[in-house]
>>> print(open('entry_31.tsv').read())   # TSV, C-alpha atoms
chain	number	residue	atom	x	y	z
A	10	MET	CA	30.88	37.48	119.34
A	11	SER	CA	32.51	34.21	118.46
A	12	ALA	CA	32.10	31.25	120.78
A	13	THR	CA	35.02	29.89	122.75
A	14	TRP	CA	34.71	26.17	123.29
A	15	TYR	CA	36.38	24.42	126.21
A	16	GLU	CA	37.04	20.69	126.26
A	17	CYS	CA	36.44	19.43	129.79
A	18	LYS	CA	37.55	15.95	130.78
A	19	VAL	CA	35.31	14.66	133.53
A	20	LYS	CA	35.75	11.58	135.71
A	21	TYR	CA	32.46	10.17	136.99
A	22	ARG	CA	30.53	6.96	137.64
A	23	LYS	CA	28.64	5.77	134.59
A	24	PHE	CA	26.29	2.80	134.18
A	25	ASP	CA	27.85	0.33	131.75
A	26	GLU	CA	24.99	-1.25	129.79
A	27	ALA	CA	27.14	-4.16	128.57
A	28	SER	CA	28.12	-5.42	132.02
A	29	GLY	CA	25.22	-3.91	134.00
A	30	THR	CA	27.57	-2.31	136.54
A	31	GLN	CA	28.72	1.16	137.51
A	32	LYS	CA	32.16	2.02	136.14
A	33	VAL	CA	34.37	5.05	136.66
A	34	LYS	CA	34.89	6.74	133.29
A	35	THR	CA	36.83	9.79	132.16
A	36	GLU	CA	35.16	11.36	129.14
A	37	PRO	CA	35.54	14.67	127.29
A	38	PHE	CA	32.65	17.14	126.98
A	39	LEU	CA	32.53	20.46	125.12
A	40	VAL	CA	31.28	23.62	126.84
A	41	ASP	CA	30.79	27.11	125.43
A	42	ALA	CA	32.14	29.56	128.01
A	43	ILE	CA	34.07	32.84	128.33
A	44	SER	CA	36.68	31.63	130.81
A	45	TYR	CA	38.12	28.51	132.42
A	46	THR	CA	36.22	29.35	135.60
A	47	GLU	CA	32.90	29.57	133.79
A	48	ALA	CA	33.71	26.35	131.89
A	49	GLU	CA	34.29	24.57	135.21
A	50	SER	CA	31.06	25.94	136.64
A	51	ARG	CA	29.00	25.08	133.56
A	52	ILE	CA	30.34	21.53	133.19
A	53	THR	CA	29.61	20.87	136.86
A	54	GLU	CA	26.05	22.15	136.35
A	55	GLU	CA	25.51	20.24	133.08
A	56	MET	CA	26.91	16.97	134.45
A	57	ALA	CA	24.21	16.90	137.14
A	58	ALA	CA	21.96	15.18	134.55
A	59	TYR	CA	24.47	12.32	134.23
A	60	LEU	CA	24.82	11.72	137.97
A	61	MET	CA	22.77	9.83	140.51
A	62	GLU	CA	21.80	11.41	143.85
A	63	GLY	CA	24.86	12.12	146.02
A	64	GLU	CA	27.49	11.34	143.35
A	65	GLU	CA	30.26	13.75	142.47
A	66	ILE	CA	32.44	14.43	139.46
A	67	LYS	CA	36.10	15.21	139.18
A	68	ILE	CA	37.23	17.57	136.45
A	69	THR	CA	40.62	16.28	135.36
A	70	ASN	CA	41.39	18.77	132.58
A	71	ILE	CA	40.03	21.89	130.90
A	72	LYS	CA	41.53	23.26	127.69
A	73	VAL	CA	40.46	25.53	124.87
A	74	ALA	CA	39.16	23.39	122.01
A	75	ASN	CA	40.38	24.08	118.50
A	76	PHE	CA	36.99	24.17	116.75
A	77	ALA	CA	35.92	27.01	114.49
A	78	GLU	CA	32.29	25.85	114.44
A	79	ILE	CA	30.01	23.18	115.94
A	80	HIS	CA	27.24	21.69	113.79
A	81	PRO	CA	24.60	19.32	115.20
A	82	PHE	CA	22.58	17.28	112.69
A	83	GLU	CA	19.29	15.48	113.06
A	84	ASN	CA	19.21	11.74	113.75
A	85	SER	CA	22.92	11.56	114.57
A	86	ASP	CA	24.55	10.25	117.73
A	87	ARG	CA	28.33	10.75	117.42
A	88	TRP	CA	30.64	13.72	116.90
A	89	PHE	CA	33.29	13.92	114.17
A	90	LYS	CA	36.20	16.30	113.72
A	91	SER	CA	36.45	17.58	110.14
A	92	LYS	CA	39.62	19.28	108.96
A	93	ILE	CA	38.89	21.96	106.35
A	94	SER	CA	41.67	23.50	104.24
A	95	LEU	CA	40.68	26.90	102.89
A	96	ILE	CA	42.60	27.64	99.70
A	97	ALA	CA	43.66	31.18	98.83
A	98	PHE	CA	45.87	32.36	95.99
A	99	ASP	CA	48.69	34.71	97.01
A	100	GLU	CA	49.08	37.14	94.09
A	101	GLU	CA	52.47	38.45	95.24
A	102	SER	CA	54.23	35.09	95.40
A	103	GLY	CA	52.00	33.32	92.88
A	104	LYS	CA	51.43	30.37	95.22
A	105	GLU	CA	48.43	28.74	96.79
A	106	ARG	CA	48.05	29.12	100.53
A	107	LYS	CA	46.10	26.71	102.67
A	108	THR	CA	44.63	27.68	106.01
A	109	ASN	CA	43.28	24.87	108.16
A	110	MET	CA	40.28	25.02	110.46
A	111	TYR	CA	38.37	22.33	112.31
A	112	LEU	CA	34.63	21.74	112.53
A	113	LEU	CA	32.83	19.45	114.95
A	114	VAL	CA	30.02	17.78	113.02
A	115	GLN	CA	27.41	15.36	114.29
A	116	ALA	CA	26.81	12.18	112.24
A	117	ASN	CA	26.40	8.41	112.49
A	118	ASP	CA	29.51	7.42	110.49
A	119	VAL	CA	32.50	8.94	108.67
A	120	LYS	CA	30.74	9.06	105.29
A	121	GLU	CA	27.78	10.93	106.75
A	122	ALA	CA	30.15	13.26	108.62
A	123	TYR	CA	31.88	14.07	105.30
A	124	GLU	CA	28.50	14.77	103.67
A	125	ASN	CA	27.38	16.90	106.64
A	126	THR	CA	30.65	18.85	106.39
A	127	LEU	CA	29.96	19.50	102.69
A	128	THR	CA	26.43	20.65	103.60
A	129	THR	CA	27.87	23.02	106.20
A	130	MET	CA	30.42	24.44	103.76
A	131	LYS	CA	28.08	24.74	100.73
A	132	ASP	CA	27.69	28.53	101.03
A	133	THR	CA	31.43	29.15	101.31
A	134	MET	CA	32.61	31.59	98.65
A	135	GLY	CA	36.20	30.37	98.39
A	136	GLU	CA	37.74	27.06	97.50
A	137	PHE	CA	38.26	24.43	100.18
A	138	THR	CA	39.16	20.79	100.60
A	139	ILE	CA	38.34	18.30	103.33
A	140	PRO	CA	41.58	16.38	103.91
A	141	ALA	CA	40.43	14.53	107.05
A	142	VAL	CA	37.33	13.42	108.94
A	143	SER	CA	37.76	11.40	112.13
A	144	GLU	CA	35.57	10.36	115.02
A	145	SER	CA	35.91	12.60	118.04
A	146	PRO	CA	35.92	11.23	121.60
A	147	ILE	CA	33.61	14.09	122.67
A	148	VAL	CA	30.52	12.68	124.38
A	149	ASP	CA	28.27	15.76	124.44
A	150	VAL	CA	28.24	19.46	123.61
A	151	PHE	CA	26.78	22.17	125.85
A	152	PRO	CA	26.30	25.53	124.06
A	153	TYR	CA	25.74	28.78	125.96
A	154	PHE	CA	22.53	30.74	125.51
A	155	SER	CA	21.78	33.96	127.35
A	156	GLY	CA	18.04	33.41	127.80
A	157	ASP	CA	16.84	35.96	125.23
A	158	GLU	CA	13.79	34.83	123.25
A	159	GLU	CA	15.80	34.49	120.04
A	160	GLU	CA	18.56	32.70	121.93
A	161	SER	CA	16.09	30.27	123.53
A	162	GLU	CA	14.75	29.37	120.07
A	163	ARG	CA	18.31	28.65	118.93
A	164	LEU	CA	18.89	26.56	122.08
A	165	GLU	CA	15.72	24.55	121.47
A	166	GLU	CA	16.71	23.93	117.83
A	167	PHE	CA	20.30	22.98	118.81
A	168	THR	CA	19.04	20.61	121.50
A	169	ARG	CA	16.39	19.10	119.19
A	170	LEU	CA	18.98	18.36	116.52
A	171	LYS	CA	21.56	17.09	118.99
A	172	GLU	CA	19.18	14.74	120.80
A	173	SER	CA	17.27	13.39	117.81
A	174	ILE	CA	17.31	9.61	117.59
A	175	PRO	CA	19.32	8.05	114.75
A	176	THR	CA	17.30	6.34	112.06
A	177	TYR	CA	18.73	3.51	110.05
A	178	ASN	CA	17.51	2.96	106.52
A	179	ASP	CA	17.55	-0.80	106.17
A	180	GLU	CA	16.98	-1.37	102.49
A	181	ASN	CA	14.81	-4.28	101.41
A	182	GLU	CA	17.25	-6.33	99.30
A	183	GLU	CA	14.54	-7.96	97.16
A	184	LEU	CA	13.04	-4.59	96.21
A	185	ALA	CA	16.48	-3.11	95.54
A	186	MET	CA	17.37	-6.06	93.29
A	187	ALA	CA	14.02	-5.75	91.45
A	188	ASP	CA	14.65	-2.01	90.94
A	189	SER	CA	18.15	-2.63	89.60
A	190	LEU	CA	16.89	-5.33	87.23
A	191	THR	CA	14.12	-3.02	85.99
A	192	VAL	CA	16.64	-0.27	85.23
A	193	GLU	CA	18.94	-2.71	83.39
A	194	ALA	CA	16.04	-4.08	81.29
A	195	GLU	CA	15.14	-0.58	80.04
>>> encode(input="entry_31.tsv", output="structure tokens")
Amino acid sequence: MSATWYECKVKYRKFDEASGTQKVKTEPFLVDAISYTEAESRITEEMAAYLMEGEEIKITNIKVANFAEIHPFENSDRWFKSKISLIAFDEESGKERKTNMYLLVQANDVKEAYENTLTTMKDTMGEFTIPAVSESPIVDVFPYFSGDEEESERLEEFTRLKESIPTYNDENEELAMADSLTVEAE
């Protein structure tokens, strides 16, 4: 069964690290659910981790999200919306037809999101293009797992990937310059 993702906008008090104060924020979260009622229940339950004792949330909006698939990646901290155009040839009319779908991909920047989208689509049999990749305002994603052993392994893997800490590869400029000079000399 295919997942139905609901985008839930939640208003709550959040600690602002820049100013050191509590601020009221409205942020979108993604929840896998089978109905609006379940989405409301699940987001309320999941948001408990973001709240301090005695605080409440206000759900300002719930809508069905237009994502075909969600893909977390290791060492990434932001979510990006990738537009994929699947290309099919219509033999009757002799024209190309494009069908668009959207993926939510985790990455650190747009370039990495594009590369992660290519990685996700590598086993696709048909032709496709990626006409757009943009940062999504979605703060976090909460998938649904039934509790079966196989499902719990998938949940653990999803959570591990989603919560992994980004690593930044700061290149040593002197070594990089020495490498490039060595290659040029050969």
>>> closest_residue(input="entry_31.tsv", among="A:Asn84, A:Asn109, A:Thr168, A:Thr35", to="A:Pro146", atoms="all atoms listed in the file")
A:Thr35
>>> residues_around(input="entry_31.tsv", residues="A:Ile96", least_positions_apart="4", cutoff="9 Å", atoms="all atoms listed in the file", output="list of chain:residue names")
A:Glu105, A:Arg106, A:Lys107, A:Thr108, A:Asn109, A:Gly135, A:Glu136, A:Phe137, A:Thr138
>>> closest_residue(input="entry_31.tsv", among="A:Asp86, A:Glu64, A:Glu78, A:Asp132", to="A:Ile147", atoms="all atoms listed in the file")
A:Asp86
>>> closest_residue(input="entry_31.tsv", among="A:Tyr123, A:Ile93, A:Ala141, A:Ile66", to="A:Arg22", atoms="all atoms listed in the file")
A:Ile66
>>> closest_residue(input="entry_31.tsv", among="A:Glu47, A:Glu100, A:Glu144, A:Glu16", to="A:Ala74", atoms="all atoms listed in the file")
A:Glu16
>>> residues_around(input="entry_31.tsv", residues="A:Asn70", least_positions_apart="2", cutoff="9 Å", atoms="only C-alpha atoms", output="list in words")
Glu16, Cys17, Lys18, Val19, Pro37, Ile68 and Lys72 of chain A
>>> write_last_selection(input="entry_31.tsv", atoms="C-alpha atoms", output="short mmCIF file (atom, residue, chain, number, x, y, z; two decimals), keeping the file's coordinate frame")
data_model
loop_
_atom_site.label_atom_id
_atom_site.label_comp_id
_atom_site.auth_asym_id
_atom_site.auth_seq_id
_atom_site.Cartn_x
_atom_site.Cartn_y
_atom_site.Cartn_z
CA GLU A 16 37.04 20.69 126.26
CA CYS A 17 36.44 19.43 129.79
CA LYS A 18 37.55 15.95 130.78
CA VAL A 19 35.31 14.66 133.53
CA PRO A 37 35.54 14.67 127.29
CA ILE A 68 37.23 17.57 136.45
CA LYS A 72 41.53 23.26 127.69
#
>>> atom_distance(input="entry_31.tsv", atom1="atom CA of A:His80", atom2="atom CA of A:Glu124")
12.3 Å
>>> residues_near_point(input="entry_31.tsv", point="(37.3, 10.5, 116.3)", cutoff="10 Å", atoms="all atoms listed in the file", output="list in words")
Arg87, Trp88, Phe89, Lys90, Ser91, Val119, Val142, Ser143, Glu144, Ser145, Pro146 and Ile147 of chain A
>>> closest_residue(input="entry_31.tsv", among="A:Lys67, A:Ala12, A:Pro140, A:Val73", to="A:Leu95", atoms="all atoms listed in the file")
A:Pro140
>>> atom_distance(input="entry_31.tsv", atom1="atom CA of A:Phe82", atom2="atom CA of A:Tyr15")
20.6 Å
>>> atom_distance(input="entry_31.tsv", atom1="atom CA of A:Glu49", atom2="atom CA of A:Asp149")
15.2 Å
>>> residues_near_point(input="entry_31.tsv", point="(25.8, 18.1, 122.9)", cutoff="8 Å", atoms="only C-alpha atoms", output="ChimeraX atom specification")
/A:39,81,148-152,168,171-172
>>> closest_residue(input="entry_31.tsv", among="A:Ile139, A:Ile79, A:Ala57, A:Ile52", to="A:Phe167", atoms="only C-alpha atoms")
A:Ile79
>>> decode(input="entry_31.tsv", residues="stretch 25-56 of chain A", atoms="N, CA and C atoms", output="compact mmCIF listing (two decimals), in the first residue's frame")
# COMPACT_ATOMS: atom_id res chain seq x y z
N ASP A 25 14.79 29.88 20.34
CA ASP A 25 15.57 30.49 19.27
C ASP A 25 17.02 30.61 19.75
N GLU A 26 17.91 29.82 19.15
CA GLU A 26 19.31 29.79 19.59
C GLU A 26 20.01 31.13 19.36
N ALA A 27 19.64 31.85 18.32
CA ALA A 27 20.29 33.12 18.00
C ALA A 27 20.05 34.17 19.09
N SER A 28 18.78 34.29 19.52
CA SER A 28 18.46 35.32 20.51
C SER A 28 18.41 34.76 21.94
N GLY A 29 18.35 33.44 22.08
CA GLY A 29 18.28 32.83 23.41
C GLY A 29 16.93 32.95 24.07
N THR A 30 15.87 33.19 23.27
CA THR A 30 14.53 33.34 23.83
C THR A 30 13.57 32.34 23.20
N GLN A 31 12.42 32.21 23.82
CA GLN A 31 11.35 31.36 23.28
C GLN A 31 10.55 32.19 22.28
N LYS A 32 10.33 31.67 21.09
CA LYS A 32 9.53 32.36 20.09
C LYS A 32 8.43 31.44 19.59
N VAL A 33 7.29 32.03 19.24
CA VAL A 33 6.20 31.26 18.67
C VAL A 33 6.47 31.11 17.17
N LYS A 34 6.53 29.87 16.71
CA LYS A 34 6.82 29.57 15.31
C LYS A 34 5.71 28.72 14.73
N THR A 35 5.47 28.90 13.44
CA THR A 35 4.58 28.01 12.70
C THR A 35 5.42 27.32 11.65
N GLU A 36 5.55 25.99 11.77
CA GLU A 36 6.42 25.24 10.87
C GLU A 36 5.69 24.02 10.33
N PRO A 37 6.01 23.63 9.08
CA PRO A 37 5.38 22.45 8.49
C PRO A 37 6.15 21.17 8.81
N PHE A 38 5.41 20.12 9.10
CA PHE A 38 5.95 18.79 9.33
C PHE A 38 5.21 17.83 8.42
N LEU A 39 5.84 16.70 8.09
CA LEU A 39 5.22 15.70 7.23
C LEU A 39 4.93 14.45 8.04
N VAL A 40 3.69 13.94 7.92
CA VAL A 40 3.26 12.77 8.66
C VAL A 40 2.65 11.77 7.70
N ASP A 41 3.01 10.50 7.85
CA ASP A 41 2.41 9.41 7.08
C ASP A 41 1.19 8.94 7.85
N ALA A 42 0.02 9.06 7.23
CA ALA A 42 -1.22 8.67 7.92
C ALA A 42 -2.25 8.22 6.89
N ILE A 43 -3.36 7.64 7.36
CA ILE A 43 -4.40 7.18 6.44
C ILE A 43 -5.60 8.13 6.37
N SER A 44 -5.63 9.11 7.28
CA SER A 44 -6.73 10.08 7.25
C SER A 44 -6.27 11.38 7.92
N TYR A 45 -7.07 12.42 7.74
CA TYR A 45 -6.77 13.70 8.39
C TYR A 45 -6.80 13.54 9.91
N THR A 46 -7.73 12.74 10.40
CA THR A 46 -7.86 12.54 11.84
C THR A 46 -6.62 11.87 12.40
N GLU A 47 -6.15 10.83 11.70
CA GLU A 47 -4.94 10.16 12.16
C GLU A 47 -3.72 11.09 12.05
N ALA A 48 -3.67 11.90 11.00
CA ALA A 48 -2.57 12.86 10.84
C ALA A 48 -2.55 13.82 12.01
N GLU A 49 -3.71 14.32 12.42
CA GLU A 49 -3.80 15.23 13.56
C GLU A 49 -3.34 14.54 14.84
N SER A 50 -3.77 13.32 15.04
CA SER A 50 -3.38 12.57 16.23
C SER A 50 -1.88 12.29 16.25
N ARG A 51 -1.34 11.87 15.12
CA ARG A 51 0.08 11.53 15.05
C ARG A 51 0.98 12.76 15.22
N ILE A 52 0.60 13.89 14.60
CA ILE A 52 1.44 15.08 14.73
C ILE A 52 1.42 15.58 16.17
N THR A 53 0.29 15.48 16.83
CA THR A 53 0.20 15.87 18.24
C THR A 53 1.13 14.99 19.08
N GLU A 54 1.11 13.69 18.81
CA GLU A 54 1.96 12.74 19.53
C GLU A 54 3.45 12.99 19.23
N GLU A 55 3.79 13.18 17.97
CA GLU A 55 5.19 13.37 17.58
C GLU A 55 5.75 14.70 18.08
N MET A 56 4.92 15.72 18.15
CA MET A 56 5.38 17.05 18.58
C MET A 56 5.69 17.10 20.07
